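I have placed the structure first, in the form of structure tokens, so that the comments after it can refer back to it.
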Amino acid sequence: MSLLINPKTYHQKWPDQKTQDIMEKTITFFERKGLRSIKEDDQDIRWYDDYIRFLKEKEVFATLLTPSGYGDPDSRFDLSRVCQFNEILGFYGNSFQYAYQVSILGLGPIWMGINEAVKHKAAKLLKEGGIFAFGLSEKDHGADLYSNEMRLHPQADGTYKADGSKYYIGNSNRAALVSVQGRYTDKDEYVFFAVESGHHNYKLVKKIETSGNRNGYVGEFELVDYPIAPEDILSSGQLAWDSSLSTVNIGKFQLGFCATGICTHSFYEAINHASNRILYGKPVTAFPHIRKFFIESYVRLHAMKLYALRSLDYFRSSSNEDRRYLLFNPIQKTKVAQEGVKVMDMILDIVTAKGFEQDTYIEGAIREIGMLPRLEGTAHVNIGLVIKFLQNYLFNPVDYPVIPKRDDPGDDTYIFKQYTGGLAKVRFPDYRLAYEGVDLPNIRIFRSQIELFREFMERATPSPEQRANIDYMLPLGEMFTLIVYAQLILENCGIYKVDSDIVDRIFNLLVRDFSQYALTQITGAVNTNEQEKYLREMLKSPVIDPAQEMRLWKDHVEVLNGAYVMNP
């Protein structure tokens with residue numbers, strides 16, 4: 001069974017009718033709008049009023065993004081449906097998903113804060129169809145929170161005046177509320193406060209034109225003597241600091257689901273085109289290298305979704321006693337999105353010039369996919385974070401209850417109670433548990449690479465100077481990331497009963513990728529003789545099975561020709 005979403009045969013059954021209606025009516029909205037209309041909006045850089053009206057009419061954001069107790073009885077912040085909705089929106093275009101994702105970011109500091117009045121105000125605005133924005137990044141500092149220049153100036157009457165600007169802010173043109181991070185001028189303390197984009201002291205400086213997300217809105221705004229009353233303050237001090245990072249944990253987690261949606265639609269368009277285009281008297285899909293591209297794209301896309309869904313299980317099950325999500329989430333933000341870039345590169349190699357034609361979905365996808373792993377944190381930032389967990393993950397296992405598949409309805413309240421710090425205390429069970437009872441050729445090879453990596457870190461440990469050099473540590477961080485990526489994928493292969501051919505082929509790719517990073521470490525860094533010895537042993541070739549490749553093509557890929565074509 002394919003894990004790829006197909007709007008024409010959408011079959012997921014949700015436990016409540018409101019959720020079912022939202023998913024199905026959203027698909028109907030986009031299918032009725034049609035590809036041509038979506039592309040025209042994109043090319044004309046037209047704000048999507050029809051989409052915003054639809055969200056308001058169906059109370060989509062109010063239902064999906066309002067925690068229990070603040071909205072209607074069917075409203076809850078349920079990550080299982082929040083994330084699937086991201087995939088559906090990504091399937092039709094990144095700009096649609098972007099308006100949703102930045103609303104999630106904008107709401108984060110509100111739901112995490114202590115201001116109950118603003119929480120109820122936000123719930124009312126969601127009910128009225130409002131969208132939200134997250135004022136964090138600044139033009140000169142990006143996401144460097146330590147250099148934040150937005151300031152709150154205390155006034156004699158106990159109020160404040162806000163001054164400063166924020167840059168690259170989604171929905172900044174229409175946000176009902178913008179959650180803004182700044183600092184008090186009278187004390188060295190962070191603060192989050194809420195402003196309205198329609199206020200006359202809120203100056204929308206400009207729209208930032210980007211090659212992707214053209215009919216969404218990414219903007220720069222400035223606050224000039226904006227009056228802030230105590231009732232506009234969301235949080236201060238440590239809570240304000242925690243709220244910024246914890247909000248990113250929630251919002252940027254959605255990028256992986258958006259990437260799977262983008263790549264899935266592109267895959268359907270590519271298989272339809274290649275199967276029905278005749279070159280030299282035969283279909284393009286008859287060429288061996290094209291089939292290989294399709295098989296690898298299909299398998300990588302399944303790996304992306306398997307990881308994303310499993311990391312969702314851990315995020316929904318998180319608590320102060322189980323913070324494993326702090327490792328799994330940055331991998332979701334970067335690795336899944338980076339894999340999406342690889343998939344889109346192969347799809348473009350399949351369709352070649354067709355992919356640049358303005359009337360195709362792929363043309364927009366190739367402009368937008370590269371943005372995802374680079375939003376709010378480049379790869380080196382997230383890999384640097386991942387490395388912090390390496391010691392405990394590899395060498396200090398503890399027992400944990402098995403986390404089940406989490407598609408049950410529920411209000412995921414812990415995600416609004418996260419705290420920062422304490423990464424060295426986050427523990428993990430033995431990663432080898434995921435491999436018990438699984439014996440496939442490429443899994444055996446990958447396990448040998450894992451154990452060599454573990455020995456490398458134990459017996460040829462990078463020196464303090466090497467550890468301080470991010471250029472040296474990046475390939476090692478990528479190898480460690482693959483180990484974690486593989487664990488969650490393999491866990492979910494069992495949960496979803498994934499065909500053994502797909503599982504083995506996923507690990508074929510993991511073996512190749514692991515070897516590539518080991519080679520990069522050998523050729524791009526100064527290693528000790530012992531380190532290089534281990535790295536050379538990590539260079540492994542996967543088992544290549546032509547019969548398996550033919551089964552994958554016949555049973556999984558070729559059958560998708562015509563399975564989905566978007567309404568024109």
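For the structure tokens, the naming scheme is as follows: chains receive sequential letters (A, B, ...) according to their order of presentation, residues are indexed from 1 within each chain, and ligands are indexed from 1 in presentation order.
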
Dump as CSV the rows for residues of range 7-85 of chain A within 12 Å of range 172-194 of chain A: closest atom pair and distance in Å with one decimal, only C-alpha atoms counted, ordered by chain and rising residue number.
residue,atom,partner,partner_atom,distance
A:Trp47,CA,A:Asn173,CA,10.3
A:Tyr48,CA,A:Arg174,CA,11.6
A:Asp49,CA,A:Arg174,CA,10.8
A:Ile52,CA,A:Arg174,CA,10.3

Suppose we keep C-alpha atoms; can you now write the selection as a short mmCIF file (atom, residue, chain, number, x, y, z; two decimals), in the first residue's frame?
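Below is the file that was written, result-v7.cif:
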data_model
loop_
_atom_site.label_atom_id
_atom_site.label_comp_id
_atom_site.auth_asym_id
_atom_site.auth_seq_id
_atom_site.Cartn_x
_atom_site.Cartn_y
_atom_site.Cartn_z
CA TRP A 47 -3.10 37.62 -2.92
CA TYR A 48 -5.42 34.63 -2.51
CA ASP A 49 -8.58 36.19 -1.15
CA ILE A 52 -8.72 33.17 2.91
#

>> Env of Tyr168 in chain A: 7 Å cut, atoms = only C-alpha atoms, seq-sep filter 5 positions within chain, self excluded. Answer as JSON, numbers by chain.
In response: {"A": [137, 218, 219, 220]}

Preceding selection exported with C-alpha atoms as a short mmCIF file (atom, residue, chain, number, x, y, z; two decimals), in the first residue's frame:
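Done, and the output landed in part-v3.cif:
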data_model
loop_
_atom_site.label_atom_id
_atom_site.label_comp_id
_atom_site.auth_asym_id
_atom_site.auth_seq_id
_atom_site.Cartn_x
_atom_site.Cartn_y
_atom_site.Cartn_z
CA SER A 137 13.42 37.74 12.58
CA VAL A 218 6.34 37.89 3.21
CA GLY A 219 6.91 41.37 4.52
CA GLU A 220 8.81 43.89 6.57
#

Might you pull out every residue within 8 Å of Thr413 in chain A, with only C-alpha atoms counted and same-chain residues fewer than 2 positions away left off, and present them as a short mmCIF file (atom, residue, chain, number, x, y, z; two decimals) with N, CA and C atoms, in the first residue's frame?
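The result, written out as part06.cif:
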data_model
loop_
_atom_site.label_atom_id
_atom_site.label_comp_id
_atom_site.auth_asym_id
_atom_site.auth_seq_id
_atom_site.Cartn_x
_atom_site.Cartn_y
_atom_site.Cartn_z
N PRO A 67 -6.78 25.65 21.00
CA PRO A 67 -6.76 24.59 22.03
C PRO A 67 -8.13 24.42 22.68
N PHE A 77 -6.00 21.64 19.60
CA PHE A 77 -4.71 21.69 18.91
C PHE A 77 -4.17 20.27 18.86
N ASP A 411 -6.04 16.95 22.58
CA ASP A 411 -5.47 18.29 22.63
C ASP A 411 -4.04 18.17 23.12
N ILE A 415 2.90 20.69 24.22
CA ILE A 415 3.73 21.48 23.30
C ILE A 415 3.69 22.97 23.63
N PHE A 416 2.71 23.41 24.41
CA PHE A 416 2.66 24.80 24.86
C PHE A 416 3.25 24.97 26.26
N LYS A 417 3.85 23.90 26.78
CA LYS A 417 4.47 23.96 28.11
C LYS A 417 5.95 23.58 28.05
#

>> So that I can check the secondary structure, give me every residue of range 256-337 of chain A assigned alpha helix (DSSP H) by backbone DSSP, as a VMD selection string.
In response: chain A and resid 256 to 275 288 to 316 325 to 331 337

Using the selection just defined, write its residues with C-alpha atoms as an mmCIF file, in the first residue's frame.
data_model
loop_
_atom_site.group_PDB
_atom_site.id
_atom_site.type_symbol
_atom_site.label_atom_id
_atom_site.label_comp_id
_atom_site.auth_asym_id
_atom_site.auth_seq_id
_atom_site.Cartn_x
_atom_site.Cartn_y
_atom_site.Cartn_z
ATOM 1 C CA GLY A 256 8.534 18.147 6.579
ATOM 2 C CA PHE A 257 4.837 17.554 5.922
ATOM 3 C CA CYS A 258 4.757 20.400 3.425
ATOM 4 C CA ALA A 259 7.745 18.850 1.607
ATOM 5 C CA THR A 260 6.012 15.476 1.324
ATOM 6 C CA GLY A 261 2.958 17.170 -0.148
ATOM 7 C CA ILE A 262 4.972 19.132 -2.714
ATOM 8 C CA CYS A 263 6.991 16.093 -3.773
ATOM 9 C CA THR A 264 3.948 13.808 -3.994
ATOM 10 C CA HIS A 265 2.073 16.106 -6.393
ATOM 11 C CA SER A 266 5.232 16.551 -8.445
ATOM 12 C CA PHE A 267 5.754 12.790 -8.575
ATOM 13 C CA TYR A 268 2.255 12.218 -9.977
ATOM 14 C CA GLU A 269 2.766 14.904 -12.602
ATOM 15 C CA ALA A 270 6.144 13.443 -13.570
ATOM 16 C CA ILE A 271 4.956 9.834 -13.901
ATOM 17 C CA ASN A 272 1.982 10.949 -16.002
ATOM 18 C CA HIS A 273 4.226 12.971 -18.300
ATOM 19 C CA ALA A 274 7.026 10.443 -18.672
ATOM 20 C CA SER A 275 4.715 7.466 -19.188
ATOM 21 C CA PRO A 288 16.573 2.421 -17.379
ATOM 22 C CA HIS A 289 17.959 5.609 -15.858
ATOM 23 C CA ILE A 290 14.470 7.175 -15.799
ATOM 24 C CA ARG A 291 13.073 4.142 -13.992
ATOM 25 C CA LYS A 292 15.916 4.367 -11.494
ATOM 26 C CA PHE A 293 15.108 8.046 -10.852
ATOM 27 C CA PHE A 294 11.447 7.175 -10.296
ATOM 28 C CA ILE A 295 12.207 4.283 -7.963
ATOM 29 C CA GLU A 296 14.619 6.318 -5.879
ATOM 30 C CA SER A 297 12.203 9.278 -5.739
ATOM 31 C CA TYR A 298 9.366 6.991 -4.665
ATOM 32 C CA VAL A 299 11.450 5.298 -1.992
ATOM 33 C CA ARG A 300 12.962 8.531 -0.625
ATOM 34 C CA LEU A 301 9.491 10.064 -0.509
ATOM 35 C CA HIS A 302 8.197 7.115 1.498
ATOM 36 C CA ALA A 303 11.146 7.408 3.873
ATOM 37 C CA MET A 304 10.360 11.115 4.338
ATOM 38 C CA LYS A 305 6.773 10.394 5.238
ATOM 39 C CA LEU A 306 7.586 7.447 7.477
ATOM 40 C CA TYR A 307 10.009 9.582 9.483
ATOM 41 C CA ALA A 308 7.639 12.559 9.630
ATOM 42 C CA LEU A 309 4.757 10.452 10.911
ATOM 43 C CA ARG A 310 6.893 8.657 13.489
ATOM 44 C CA SER A 311 8.454 11.860 14.790
ATOM 45 C CA LEU A 312 4.892 13.144 15.137
ATOM 46 C CA ASP A 313 4.129 10.185 17.436
ATOM 47 C CA TYR A 314 7.016 11.207 19.688
ATOM 48 C CA PHE A 315 6.081 14.893 19.652
ATOM 49 C CA ARG A 316 2.501 14.106 20.652
ATOM 50 C CA TYR A 325 11.353 15.221 20.356
ATOM 51 C CA LEU A 326 14.137 17.776 20.871
ATOM 52 C CA LEU A 327 16.345 15.508 18.741
ATOM 53 C CA PHE A 328 13.674 14.254 16.359
ATOM 54 C CA ASN A 329 12.175 17.683 15.556
ATOM 55 C CA PRO A 330 15.283 19.396 14.125
ATOM 56 C CA ILE A 331 15.836 16.316 11.971
ATOM 57 C CA ALA A 337 12.961 18.907 3.790
#

>> Just the number, please: distance in Å from CA of Arg323 in chain A to CA of His141 in chain A, one decimal.
In response: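 Atom-to-atom, CA of Arg323 in chain A to CA of His141 in chain A, that is 29.1 Å.
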
>> Please identify the strand (DSSP E) residues within range 43-227 of chain A (assignment by DSSP from backbone atoms) and present them as a PyMOL selection string.
In response: chain A and resi 132-135+151-154+160-170+177-184+190-195+202-207+218-227

> Looking at A:Met479, A:Val503, A:Ile362, A:Met457, which one is nearest to Gln391 in chain A, with distances taken over only C-alpha atoms?
Replying inline: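 Among the listed residues, A:Met457 lies closest to Gln391 in chain A.
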
Restrict the calculation to only C-alpha atoms, then for each residue of range 367-471 of chain A with any atom at most 7 Å from an atom of range 232-253 of chain A give the closest atom pair and their distance in Å to one decimal, rows by chain and rising residue number, as a tab-separated table.
residue	atom	partner	partner_atom	distance
A:Gln418	CA	A:Ser246	CA	6.2
A:Tyr419	CA	A:Asp242	CA	5.7
A:Thr420	CA	A:Asp242	CA	5.7

> In Å to one decimal, how far is CA of Glu138 in chain A from CA of His153 in chain A?
Replying inline: 18.7 Å
